[in-house]
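Participant: What follows is target-v7.pdb; its format and atoms are PDB, C-alpha atoms.
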```
ATOM      1  CA  MET A   1     -45.966 -53.847-114.978  1.00  0.00           C
ATOM      2  CA  ASN A   2     -46.688 -50.687-116.912  1.00  0.00           C
ATOM      3  CA  VAL A   3     -44.524 -47.707-115.926  1.00  0.00           C
ATOM      4  CA  LEU A   4     -45.658 -44.206-116.918  1.00  0.00           C
ATOM      5  CA  TYR A   5     -43.778 -40.903-116.941  1.00  0.00           C
ATOM      6  CA  PHE A   6     -45.206 -37.401-117.075  1.00  0.00           C
ATOM      7  CA  ALA A   7     -43.984 -33.847-117.681  1.00  0.00           C
ATOM      8  CA  TRP A   8     -40.176 -33.406-117.415  1.00  0.00           C
ATOM      9  CA  VAL A   9     -39.736 -36.983-116.190  1.00  0.00           C
ATOM     10  CA  ARG A  10     -41.226 -38.142-119.509  1.00  0.00           C
ATOM     11  CA  GLU A  11     -38.951 -35.744-121.399  1.00  0.00           C
ATOM     12  CA  ARG A  12     -35.805 -36.926-119.618  1.00  0.00           C
ATOM     13  CA  ILE A  13     -36.562 -40.612-120.083  1.00  0.00           C
ATOM     14  CA  GLY A  14     -37.806 -40.091-123.620  1.00  0.00           C
ATOM     15  CA  VAL A  15     -40.941 -42.255-123.573  1.00  0.00           C
ATOM     16  CA  PRO A  16     -44.397 -41.729-122.017  1.00  0.00           C
ATOM     17  CA  SER A  17     -44.729 -45.334-120.860  1.00  0.00           C
ATOM     18  CA  GLU A  18     -43.094 -48.738-121.054  1.00  0.00           C
ATOM     19  CA  SER A  19     -43.592 -52.273-119.880  1.00  0.00           C
ATOM     20  CA  VAL A  20     -41.050 -53.255-117.204  1.00  0.00           C
ATOM     21  CA  GLU A  21     -40.280 -56.793-116.046  1.00  0.00           C
ATOM     22  CA  THR A  22     -39.315 -56.502-112.402  1.00  0.00           C
ATOM     23  CA  GLN A  23     -39.271 -58.331-109.093  1.00  0.00           C
ATOM     24  CA  ALA A  24     -38.906 -55.043-107.198  1.00  0.00           C
ATOM     25  CA  ALA A  25     -40.648 -55.230-103.836  1.00  0.00           C
ATOM     26  CA  THR A  26     -41.170 -51.489-103.409  1.00  0.00           C
ATOM     27  CA  VAL A  27     -41.221 -48.316-105.502  1.00  0.00           C
ATOM     28  CA  ASN A  28     -37.741 -47.480-104.152  1.00  0.00           C
ATOM     29  CA  ASP A  29     -36.440 -50.842-105.403  1.00  0.00           C
ATOM     30  CA  LEU A  30     -37.953 -50.183-108.837  1.00  0.00           C
ATOM     31  CA  VAL A  31     -36.294 -46.736-108.917  1.00  0.00           C
ATOM     32  CA  GLU A  32     -32.928 -48.365-108.113  1.00  0.00           C
ATOM     33  CA  GLU A  33     -33.383 -50.847-110.972  1.00  0.00           C
ATOM     34  CA  LEU A  34     -34.315 -48.104-113.428  1.00  0.00           C
ATOM     35  CA  ARG A  35     -31.417 -45.847-112.346  1.00  0.00           C
ATOM     36  CA  ALA A  36     -28.970 -48.674-113.054  1.00  0.00           C
ATOM     37  CA  ARG A  37     -30.286 -49.114-116.609  1.00  0.00           C
ATOM     38  CA  GLU A  38     -29.078 -45.998-118.455  1.00  0.00           C
ATOM     39  CA  ASP A  39     -27.981 -42.408-117.892  1.00  0.00           C
ATOM     40  CA  ARG A  40     -31.363 -40.990-118.912  1.00  0.00           C
ATOM     41  CA  TYR A  41     -33.017 -42.894-116.040  1.00  0.00           C
ATOM     42  CA  ALA A  42     -30.283 -41.877-113.605  1.00  0.00           C
ATOM     43  CA  ALA A  43     -30.880 -38.247-114.654  1.00  0.00           C
ATOM     44  CA  ALA A  44     -34.647 -38.485-114.241  1.00  0.00           C
ATOM     45  CA  PHE A  45     -34.396 -40.185-110.835  1.00  0.00           C
ATOM     46  CA  ALA A  46     -31.394 -38.221-109.515  1.00  0.00           C
ATOM     47  CA  ASP A  47     -33.457 -36.615-106.764  1.00  0.00           C
ATOM     48  CA  THR A  48     -36.604 -38.506-105.802  1.00  0.00           C
ATOM     49  CA  SER A  49     -37.564 -35.766-103.336  1.00  0.00           C
ATOM     50  CA  ALA A  50     -38.419 -33.749-106.484  1.00  0.00           C
ATOM     51  CA  LEU A  51     -40.711 -36.536-107.710  1.00  0.00           C
ATOM     52  CA  ARG A  52     -44.101 -37.933-106.860  1.00  0.00           C
ATOM     53  CA  VAL A  53     -45.338 -41.470-107.473  1.00  0.00           C
ATOM     54  CA  ALA A  54     -48.730 -43.038-108.094  1.00  0.00           C
ATOM     55  CA  VAL A  55     -49.351 -46.780-107.804  1.00  0.00           C
ATOM     56  CA  ASP A  56     -52.391 -48.052-109.704  1.00  0.00           C
ATOM     57  CA  GLN A  57     -53.421 -44.412-110.147  1.00  0.00           C
ATOM     58  CA  GLU A  58     -53.279 -43.471-106.454  1.00  0.00           C
ATOM     59  CA  LEU A  59     -50.713 -41.119-104.976  1.00  0.00           C
ATOM     60  CA  THR A  60     -48.431 -42.921-102.569  1.00  0.00           C
ATOM     61  CA  ASP A  61     -44.894 -42.946-101.130  1.00  0.00           C
ATOM     62  CA  PHE A  62     -41.647 -44.373-102.476  1.00  0.00           C
ATOM     63  CA  ASP A  63     -41.683 -47.138 -99.863  1.00  0.00           C
ATOM     64  CA  ALA A  64     -45.046 -48.453-101.154  1.00  0.00           C
ATOM     65  CA  PRO A  65     -45.096 -52.201-101.936  1.00  0.00           C
ATOM     66  CA  LEU A  66     -45.472 -53.350-105.546  1.00  0.00           C
ATOM     67  CA  ALA A  67     -46.951 -56.837-105.086  1.00  0.00           C
ATOM     68  CA  GLY A  68     -49.860 -57.264-107.493  1.00  0.00           C
ATOM     69  CA  VAL A  69     -49.468 -53.747-108.886  1.00  0.00           C
ATOM     70  CA  LYS A  70     -50.262 -53.156-112.579  1.00  0.00           C
ATOM     71  CA  GLU A  71     -49.273 -49.525-113.083  1.00  0.00           C
ATOM     72  CA  VAL A  72     -46.681 -47.184-111.563  1.00  0.00           C
ATOM     73  CA  ALA A  73     -46.372 -43.538-112.603  1.00  0.00           C
ATOM     74  CA  PHE A  74     -43.584 -41.050-111.876  1.00  0.00           C
ATOM     75  CA  PHE A  75     -43.987 -37.299-112.226  1.00  0.00           C
ATOM     76  CA  PRO A  76     -42.995 -33.934-110.739  1.00  0.00           C
ATOM     77  CA  PRO A  77     -45.200 -32.194-108.136  1.00  0.00           C
ATOM     78  CA  MET A  78     -48.533 -31.405-109.731  1.00  0.00           C
ATOM     79  CA  THR A  79     -49.531 -27.951-110.950  1.00  0.00           C
ATOM     80  CA  GLY A  80     -53.251 -28.019-111.625  1.00  0.00           C
ATOM     81  CA  GLY A  81     -55.858 -25.318-111.181  1.00  0.00           C
TER      82      GLY A  81
ATOM     83  CA  MET B   1     -71.582 -34.386-108.705  1.00  0.00           C
ATOM     84  CA  ARG B   2     -70.003 -33.814-112.119  1.00  0.00           C
ATOM     85  CA  ILE B   3     -66.332 -34.239-112.970  1.00  0.00           C
ATOM     86  CA  ILE B   4     -65.372 -33.159-116.488  1.00  0.00           C
ATOM     87  CA  VAL B   5     -61.882 -33.381-118.006  1.00  0.00           C
ATOM     88  CA  GLN B   6     -61.741 -32.124-121.583  1.00  0.00           C
ATOM     89  CA  GLU B   7     -59.486 -30.507-124.158  1.00  0.00           C
ATOM     90  CA  ALA B   8     -62.159 -28.314-125.724  1.00  0.00           C
ATOM     91  CA  PRO B   9     -63.018 -24.813-124.461  1.00  0.00           C
ATOM     92  CA  PHE B  10     -66.093 -24.547-122.252  1.00  0.00           C
ATOM     93  CA  ASP B  11     -68.835 -21.967-122.008  1.00  0.00           C
ATOM     94  CA  PHE B  12     -68.593 -20.662-118.452  1.00  0.00           C
ATOM     95  CA  GLY B  13     -71.977 -18.933-118.564  1.00  0.00           C
ATOM     96  CA  GLN B  14     -73.721 -22.027-119.818  1.00  0.00           C
ATOM     97  CA  GLN B  15     -72.012 -24.282-117.239  1.00  0.00           C
ATOM     98  CA  ALA B  16     -72.786 -21.892-114.355  1.00  0.00           C
ATOM     99  CA  GLN B  17     -76.408 -21.486-115.486  1.00  0.00           C
ATOM    100  CA  ALA B  18     -76.922 -25.232-115.845  1.00  0.00           C
ATOM    101  CA  PHE B  19     -75.341 -25.852-112.440  1.00  0.00           C
ATOM    102  CA  ALA B  20     -77.406 -23.176-110.688  1.00  0.00           C
ATOM    103  CA  SER B  21     -80.790 -23.798-112.259  1.00  0.00           C
ATOM    104  CA  GLY B  22     -83.566 -26.020-110.980  1.00  0.00           C
ATOM    105  CA  ARG B  23     -82.512 -25.987-107.314  1.00  0.00           C
ATOM    106  CA  GLN B  24     -85.081 -24.903-104.794  1.00  0.00           C
ATOM    107  CA  ASN B  25     -83.350 -25.884-101.551  1.00  0.00           C
ATOM    108  CA  MET B  26     -79.892 -24.440-102.277  1.00  0.00           C
ATOM    109  CA  GLY B  27     -79.486 -20.852-101.121  1.00  0.00           C
ATOM    110  CA  ALA B  28     -75.900 -20.409-102.301  1.00  0.00           C
ATOM    111  CA  ILE B  29     -74.037 -21.122-105.535  1.00  0.00           C
ATOM    112  CA  VAL B  30     -70.297 -20.315-105.673  1.00  0.00           C
ATOM    113  CA  THR B  31     -68.213 -20.556-108.831  1.00  0.00           C
ATOM    114  CA  PHE B  32     -64.488 -20.101-109.427  1.00  0.00           C
ATOM    115  CA  THR B  33     -62.830 -19.915-112.833  1.00  0.00           C
ATOM    116  CA  GLY B  34     -59.097 -20.171-113.562  1.00  0.00           C
ATOM    117  CA  VAL B  35     -57.769 -18.210-116.556  1.00  0.00           C
ATOM    118  CA  VAL B  36     -54.409 -18.448-118.388  1.00  0.00           C
ATOM    119  CA  ARG B  37     -52.461 -15.409-117.152  1.00  0.00           C
ATOM    120  CA  ASP B  38     -49.670 -13.649-119.012  1.00  0.00           C
ATOM    121  CA  ASP B  39     -47.685 -11.812-116.310  1.00  0.00           C
ATOM    122  CA  ALA B  40     -45.341 -10.034-118.723  1.00  0.00           C
ATOM    123  CA  SER B  41     -47.926  -9.030-121.277  1.00  0.00           C
ATOM    124  CA  GLY B  42     -47.174 -10.527-124.647  1.00  0.00           C
ATOM    125  CA  ALA B  43     -44.440 -12.876-123.388  1.00  0.00           C
ATOM    126  CA  LEU B  44     -46.572 -15.991-122.998  1.00  0.00           C
ATOM    127  CA  THR B  45     -47.442 -17.733-126.263  1.00  0.00           C
ATOM    128  CA  ALA B  46     -49.347 -20.628-124.734  1.00  0.00           C
ATOM    129  CA  MET B  47     -49.900 -22.747-121.655  1.00  0.00           C
ATOM    130  CA  GLU B  48     -49.735 -26.476-122.297  1.00  0.00           C
ATOM    131  CA  ILE B  49     -51.428 -28.722-119.779  1.00  0.00           C
ATOM    132  CA  GLU B  50     -50.565 -32.409-119.542  1.00  0.00           C
ATOM    133  CA  HIS B  51     -52.581 -34.831-117.428  1.00  0.00           C
ATOM    134  CA  TYR B  52     -52.819 -38.489-116.436  1.00  0.00           C
ATOM    135  CA  PRO B  53     -55.976 -39.895-118.065  1.00  0.00           C
ATOM    136  CA  GLY B  54     -57.820 -42.162-115.663  1.00  0.00           C
ATOM    137  CA  MET B  55     -56.047 -40.987-112.534  1.00  0.00           C
ATOM    138  CA  THR B  56     -57.141 -37.392-113.196  1.00  0.00           C
ATOM    139  CA  GLU B  57     -60.825 -38.265-113.078  1.00  0.00           C
ATOM    140  CA  ALA B  58     -60.308 -40.507-110.020  1.00  0.00           C
ATOM    141  CA  ALA B  59     -58.328 -37.825-108.140  1.00  0.00           C
ATOM    142  CA  LEU B  60     -60.887 -35.102-108.899  1.00  0.00           C
ATOM    143  CA  THR B  61     -63.725 -37.395-107.801  1.00  0.00           C
ATOM    144  CA  ALA B  62     -61.898 -38.157-104.541  1.00  0.00           C
ATOM    145  CA  ILE B  63     -61.346 -34.426-103.879  1.00  0.00           C
ATOM    146  CA  ALA B  64     -65.026 -33.683-104.582  1.00  0.00           C
ATOM    147  CA  ASN B  65     -66.075 -36.540-102.274  1.00  0.00           C
ATOM    148  CA  ASP B  66     -63.827 -35.138 -99.523  1.00  0.00           C
ATOM    149  CA  ALA B  67     -65.502 -31.746 -99.909  1.00  0.00           C
ATOM    150  CA  CYS B  68     -68.969 -33.341 -99.699  1.00  0.00           C
ATOM    151  CA  ALA B  69     -67.933 -35.154 -96.496  1.00  0.00           C
ATOM    152  CA  ARG B  70     -66.648 -31.968 -94.859  1.00  0.00           C
ATOM    153  CA  TRP B  71     -69.310 -29.424 -95.810  1.00  0.00           C
ATOM    154  CA  SER B  72     -73.040 -29.566 -96.264  1.00  0.00           C
ATOM    155  CA  LEU B  73     -73.233 -29.428-100.060  1.00  0.00           C
ATOM    156  CA  GLY B  74     -76.041 -30.085-102.500  1.00  0.00           C
ATOM    157  CA  ASP B  75     -73.774 -30.487-105.524  1.00  0.00           C
ATOM    158  CA  VAL B  76     -70.231 -30.053-106.856  1.00  0.00           C
ATOM    159  CA  LEU B  77     -68.888 -29.457-110.367  1.00  0.00           C
ATOM    160  CA  ILE B  78     -65.216 -29.655-111.339  1.00  0.00           C
ATOM    161  CA  LEU B  79     -64.301 -28.971-114.967  1.00  0.00           C
ATOM    162  CA  HIS B  80     -60.624 -28.929-115.994  1.00  0.00           C
ATOM    163  CA  ARG B  81     -59.089 -28.606-119.456  1.00  0.00           C
ATOM    164  CA  TYR B  82     -55.865 -30.003-120.830  1.00  0.00           C
ATOM    165  CA  GLY B  83     -53.906 -29.380-124.031  1.00  0.00           C
ATOM    166  CA  ARG B  84     -52.686 -26.081-125.477  1.00  0.00           C
ATOM    167  CA  LEU B  85     -54.350 -22.904-124.185  1.00  0.00           C
ATOM    168  CA  THR B  86     -53.609 -19.267-124.959  1.00  0.00           C
ATOM    169  CA  PRO B  87     -53.607 -16.287-122.532  1.00  0.00           C
ATOM    170  CA  GLY B  88     -57.115 -15.275-121.518  1.00  0.00           C
ATOM    171  CA  GLU B  89     -58.567 -18.732-122.101  1.00  0.00           C
ATOM    172  CA  MET B  90     -60.387 -20.398-119.242  1.00  0.00           C
ATOM    173  CA  ILE B  91     -58.479 -23.394-117.842  1.00  0.00           C
ATOM    174  CA  MET B  92     -60.930 -24.734-115.326  1.00  0.00           C
ATOM    175  CA  MET B  93     -63.911 -24.032-113.097  1.00  0.00           C
ATOM    176  CA  VAL B  94     -65.405 -25.333-109.912  1.00  0.00           C
ATOM    177  CA  ALA B  95     -68.948 -24.773-108.672  1.00  0.00           C
ATOM    178  CA  THR B  96     -70.515 -25.616-105.336  1.00  0.00           C
ATOM    179  CA  ALA B  97     -74.146 -25.522-104.255  1.00  0.00           C
ATOM    180  CA  ALA B  98     -75.118 -25.372-100.592  1.00  0.00           C
ATOM    181  CA  ARG B  99     -77.991 -24.288 -98.401  1.00  0.00           C
ATOM    182  CA  HIS B 100     -75.761 -21.557 -96.944  1.00  0.00           C
ATOM    183  CA  ARG B 101     -72.969 -19.490 -98.479  1.00  0.00           C
ATOM    184  CA  ARG B 102     -70.264 -20.349 -95.936  1.00  0.00           C
ATOM    185  CA  ASP B 103     -70.303 -24.018 -96.934  1.00  0.00           C
ATOM    186  CA  ALA B 104     -70.332 -23.111-100.637  1.00  0.00           C
ATOM    187  CA  PHE B 105     -67.392 -20.646-100.341  1.00  0.00           C
ATOM    188  CA  GLU B 106     -65.224 -22.824 -98.112  1.00  0.00           C
ATOM    189  CA  ALA B 107     -65.799 -25.972-100.165  1.00  0.00           C
ATOM    190  CA  ALA B 108     -64.911 -24.103-103.377  1.00  0.00           C
ATOM    191  CA  GLU B 109     -61.621 -22.926-101.808  1.00  0.00           C
ATOM    192  CA  PHE B 110     -60.883 -26.423-100.550  1.00  0.00           C
ATOM    193  CA  LEU B 111     -61.486 -27.848-104.036  1.00  0.00           C
ATOM    194  CA  MET B 112     -59.113 -25.279-105.552  1.00  0.00           C
ATOM    195  CA  ASP B 113     -56.388 -25.840-102.960  1.00  0.00           C
ATOM    196  CA  TYR B 114     -56.492 -29.597-103.450  1.00  0.00           C
ATOM    197  CA  LEU B 115     -56.719 -29.711-107.197  1.00  0.00           C
ATOM    198  CA  LYS B 116     -53.696 -27.380-107.448  1.00  0.00           C
ATOM    199  CA  SER B 117     -51.367 -29.936-105.905  1.00  0.00           C
ATOM    200  CA  ARG B 118     -53.229 -33.263-105.677  1.00  0.00           C
ATOM    201  CA  ALA B 119     -54.726 -33.655-109.151  1.00  0.00           C
ATOM    202  CA  PRO B 120     -52.311 -34.950-111.830  1.00  0.00           C
ATOM    203  CA  PHE B 121     -51.993 -31.923-114.099  1.00  0.00           C
ATOM    204  CA  TRP B 122     -48.715 -30.314-115.185  1.00  0.00           C
ATOM    205  CA  LYS B 123     -48.439 -26.881-116.746  1.00  0.00           C
ATOM    206  CA  ARG B 124     -45.796 -25.867-119.269  1.00  0.00           C
ATOM    207  CA  GLU B 125     -45.320 -22.245-120.303  1.00  0.00           C
ATOM    208  CA  VAL B 126     -44.408 -21.594-123.912  1.00  0.00           C
ATOM    209  CA  THR B 127     -42.706 -18.292-124.818  1.00  0.00           C
ATOM    210  CA  ALA B 128     -40.734 -17.049-127.822  1.00  0.00           C
ATOM    211  CA  GLU B 129     -37.546 -18.103-125.955  1.00  0.00           C
ATOM    212  CA  GLY B 130     -38.700 -21.680-125.397  1.00  0.00           C
ATOM    213  CA  ALA B 131     -40.829 -23.728-123.049  1.00  0.00           C
ATOM    214  CA  SER B 132     -40.498 -24.519-119.345  1.00  0.00           C
ATOM    215  CA  TRP B 133     -42.456 -26.609-116.855  1.00  0.00           C
ATOM    216  CA  VAL B 134     -44.167 -24.588-114.143  1.00  0.00           C
ATOM    217  CA  ALA B 135     -42.675 -25.485-110.754  1.00  0.00           C
ATOM    218  CA  ALA B 136     -45.018 -26.288-107.890  1.00  0.00           C
ATOM    219  CA  LYS B 137     -45.040 -23.563-105.251  1.00  0.00           C
ATOM    220  CA  ASP B 138     -44.342 -24.224-101.563  1.00  0.00           C
ATOM    221  CA  GLU B 139     -47.292 -21.968-100.753  1.00  0.00           C
ATOM    222  CA  ASP B 140     -49.626 -24.283-102.699  1.00  0.00           C
ATOM    223  CA  GLU B 141     -48.504 -27.215-100.559  1.00  0.00           C
ATOM    224  CA  ALA B 142     -48.754 -25.086 -97.402  1.00  0.00           C
ATOM    225  CA  ALA B 143     -52.296 -24.083 -98.387  1.00  0.00           C
ATOM    226  CA  LEU B 144     -53.443 -27.652 -97.676  1.00  0.00           C
ATOM    227  CA  ASP B 145     -52.456 -27.355 -94.005  1.00  0.00           C
ATOM    228  CA  ARG B 146     -55.347 -25.063 -93.182  1.00  0.00           C
ATOM    229  CA  TRP B 147     -57.922 -27.744 -94.023  1.00  0.00           C
TER     230      TRP B 147
END
```
Reformat the file's structure so that it appears as structure tokens.
Facilitator:
Amino acid sequence: MNVLYFAWVRERIGVPSESVETQAATVNDLVEELRAREDRYAAAFADTSALRVAVDQELTDFDAPLAGVKEVAFFPPMTGG
Amino acid sequence: MRIIVQEAPFDFGQQAQAFASGRQNMGAIVTFTGVVRDDASGALTAMEIEHYPGMTEAALTAIANDACARWSLGDVLILHRYGRLTPGEMIMMVATAARHRRDAFEAAEFLMDYLKSRAPFWKREVTAEGASWVAAKDEDEAALDRW
């Protein structure tokens, strides 16, 4: 699936998006896999309460299932307007 | 309903005029415009706005649809810019048209409250000392509770 990062999450991880091969069942499982990869991921995902997640471009929760999902995005709370 | 996400500046007068004209059954038009503010005058070099192409348009459309379901509206416009803006530049505008002003005012406030914390935009302030991401405010999240 395609994983996207925005704002300071993008800066900490160092790329705006990447293709990830995963069998993760939920967003939380995917976060655990990413954290285990490298320090930059561990730093970005240190506190998921400071993050928001969208699955296939819809805001959701970290316990959302990933079956059939094409795109997951991680970002800080939004500051539009 | 019109949802516009663009990098280029917009002409507020032209947008407001186009939105308001040609309506004979709408008694109230409300517009709101957000402007890049420099609190410590001269300190802010620029405001950079990042967004999530695709999701941004979908989220703004969903917010506008929610407003149309809750109030009696004839039309809604949401225009939001991204990219690098300087103090005094217009960031975004919303416009609502309704038969009566109460619907138009309330829907415009609802749109603003929701697009502050439910539309995927992120602001970064650039000063001479460096750049920092604007943190979301608890009060912006709390503002959603009243709806």
Participant: Can you measure atom CA of B:Ile3 to atom CA of B:Val76 for me? One decimal in Å is fine.
Facilitator: 8.4 Å
Participant: Near stretch 96-100 of chain B, within 8 Å and counting all atoms listed in the file, which residues show up once chain neighbours fewer than 3 positions away are dropped, as a ChimeraX atom specification?
Facilitator: /B:20,25-31,72-77,103-105,107-108
Participant: Could I get the residues of chain B with an atom no further than 8 Å from an atom of chain A, each paired with its nearest atom pair and that distance in Å to one decimal, using all atoms listed in the file, sorted by chain and residue number, as a Markdown table?
Facilitator:
```
| residue | atom | partner | partner_atom | distance |
| --- | --- | --- | --- | --- |
| B:Gly34 | CA | A:Gly81 | CA | 6.5 |
| B:Glu50 | CA | A:Ala7 | CA | 7.0 |
| B:His51 | CA | A:Phe6 | CA | 7.8 |
| B:Tyr52 | CA | A:Phe6 | CA | 7.7 |
| B:Gly54 | CA | A:Gln57 | CA | 7.4 |
| B:Met55 | CA | A:Gln57 | CA | 4.9 |
| B:Ala58 | CA | A:Gln57 | CA | 7.9 |
| B:Ala59 | CA | A:Glu58 | CA | 7.8 |
| B:His80 | CA | A:Gly81 | CA | 7.7 |
| B:Ile91 | CA | A:Gly81 | CA | 7.4 |
| B:Met92 | CA | A:Gly81 | CA | 6.6 |
| B:Met112 | CA | A:Gly81 | CA | 6.5 |
| B:Leu115 | CA | A:Gly80 | CA | 5.9 |
| B:Lys116 | CA | A:Gly80 | CA | 4.2 |
| B:Ser117 | CA | A:Met78 | CA | 5.0 |
| B:Arg118 | CA | A:Met78 | CA | 6.5 |
| B:Ala119 | CA | A:Gly80 | CA | 6.3 |
| B:Pro120 | CA | A:Met78 | CA | 5.6 |
| B:Phe121 | CA | A:Gly80 | CA | 4.8 |
| B:Trp122 | CA | A:Thr79 | CA | 4.9 |
| B:Lys123 | CA | A:Thr79 | CA | 6.0 |
| B:Trp133 | CA | A:Trp8 | CA | 7.2 |
| B:Val134 | CA | A:Thr79 | CA | 7.1 |
| B:Ala135 | CA | A:Thr79 | CA | 7.3 |
| B:Ala136 | CA | A:Thr79 | CA | 5.7 |
```
Participant: To one decimal place, how far is atom CA of A:Gln23 from atom CA of A:Val53 in Å?
Facilitator: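 We find that atom CA of A:Gln23 and atom CA of A:Val53 lie 18.0 Å from each other.
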Participant: By how many Å are atom CA of B:Arg2 and atom CA of B:Ala62 apart?
Facilitator: 11.9 Å
Participant: Rank A:Ala50, A:Ala36, A:Ala64, A:Val3 by their smallest atom-to-atom distance to A:Val15, using all atoms listed in the file, and report the top residue only.
Facilitator: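 Selected residue with least distance to A:Val15: A:Val3.
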Participant: Would you list the contacts of A:Phe45 as a PDB file with C-alpha atoms, keeping the file's coordinate frame, taking every protein, DNA or RNA residue within 12 Å and counting all atoms listed in the file, but skipping same-chain residues closer than 4 positions in sequence?
Facilitator:
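Printed below is part.pdb as written:
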```pdb
ATOM      1  CA  TYR A   5     -43.778 -40.903-116.941  1.00  0.00           C
ATOM      2  CA  TRP A   8     -40.176 -33.406-117.415  1.00  0.00           C
ATOM      3  CA  VAL A   9     -39.736 -36.983-116.190  1.00  0.00           C
ATOM      4  CA  ARG A  10     -41.226 -38.142-119.509  1.00  0.00           C
ATOM      5  CA  ARG A  12     -35.805 -36.926-119.618  1.00  0.00           C
ATOM      6  CA  ILE A  13     -36.562 -40.612-120.083  1.00  0.00           C
ATOM      7  CA  VAL A  27     -41.221 -48.316-105.502  1.00  0.00           C
ATOM      8  CA  ASN A  28     -37.741 -47.480-104.152  1.00  0.00           C
ATOM      9  CA  LEU A  30     -37.953 -50.183-108.837  1.00  0.00           C
ATOM     10  CA  VAL A  31     -36.294 -46.736-108.917  1.00  0.00           C
ATOM     11  CA  GLU A  32     -32.928 -48.365-108.113  1.00  0.00           C
ATOM     12  CA  GLU A  33     -33.383 -50.847-110.972  1.00  0.00           C
ATOM     13  CA  LEU A  34     -34.315 -48.104-113.428  1.00  0.00           C
ATOM     14  CA  ARG A  35     -31.417 -45.847-112.346  1.00  0.00           C
ATOM     15  CA  ALA A  36     -28.970 -48.674-113.054  1.00  0.00           C
ATOM     16  CA  ARG A  37     -30.286 -49.114-116.609  1.00  0.00           C
ATOM     17  CA  GLU A  38     -29.078 -45.998-118.455  1.00  0.00           C
ATOM     18  CA  ASP A  39     -27.981 -42.408-117.892  1.00  0.00           C
ATOM     19  CA  ARG A  40     -31.363 -40.990-118.912  1.00  0.00           C
ATOM     20  CA  TYR A  41     -33.017 -42.894-116.040  1.00  0.00           C
ATOM     21  CA  SER A  49     -37.564 -35.766-103.336  1.00  0.00           C
ATOM     22  CA  ALA A  50     -38.419 -33.749-106.484  1.00  0.00           C
ATOM     23  CA  LEU A  51     -40.711 -36.536-107.710  1.00  0.00           C
ATOM     24  CA  ARG A  52     -44.101 -37.933-106.860  1.00  0.00           C
ATOM     25  CA  VAL A  53     -45.338 -41.470-107.473  1.00  0.00           C
ATOM     26  CA  PHE A  62     -41.647 -44.373-102.476  1.00  0.00           C
ATOM     27  CA  PHE A  74     -43.584 -41.050-111.876  1.00  0.00           C
ATOM     28  CA  PHE A  75     -43.987 -37.299-112.226  1.00  0.00           C
ATOM     29  CA  PRO A  76     -42.995 -33.934-110.739  1.00  0.00           C
TER      30      PRO A  76
END
```
Participant: Taking all atoms listed in the file into account, which of B:Gly83, B:Asn65, B:Gln17, B:Trp71 comes nearest B:Glu125?
Facilitator: B:Gly83
Participant: Could you expand the PyMOL selection byres ((chain A and resi 68) around 12) into the explicit residues it covers here, written as a list in words?
Facilitator: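 Here the PyMOL selection byres ((chain A and resi 68) around 12) matches Met1, Asn2, Thr22, Gln23, Ala24, Ala25, Thr26, Val55, Asp56, Ala64, Pro65, Leu66, Ala67, Val69, Lys70, Glu71 and Val72 of chain A.
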Participant: To verify the selection step, state as a list in words which residues the PyMOL selection byres ((chain B and resi 8) around 12) yields on this input.
Facilitator: Ile4, Val5, Gln6, Glu7, Pro9, Phe10, Asp11, Leu79, His80, Arg81, Tyr82, Gly83, Arg84, Leu85, Glu89, Met90, Ile91 and Met92 of chain B
Participant: Considering only C-alpha atoms, can you say which of B:Ala18, B:Leu111, B:Val35, B:Ile49 comes closest to B:Ile63?
Facilitator: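 That would be B:Leu111, the residue with the smallest distance to B:Ile63.
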Participant: Using all atoms of stretch 35-47 of chain B listed in the file and a margin of 8 Å per side, can you give the axis-aligned box centre and edge lengths in Å to one decimal, as JSON?
Facilitator:
```
{"center_x": -51.1, "center_y": -15.9, "center_z": -121.3, "size_x": 29.3, "size_y": 29.7, "size_z": 26.0}
```
Participant: Residues within 10 Å of B:Glu129, please, as a ChimeraX atom specification. Count all atoms listed in the file; anything in the same chain fewer than 3 positions from it doesn't count.
Facilitator: /B:43-45,126,132
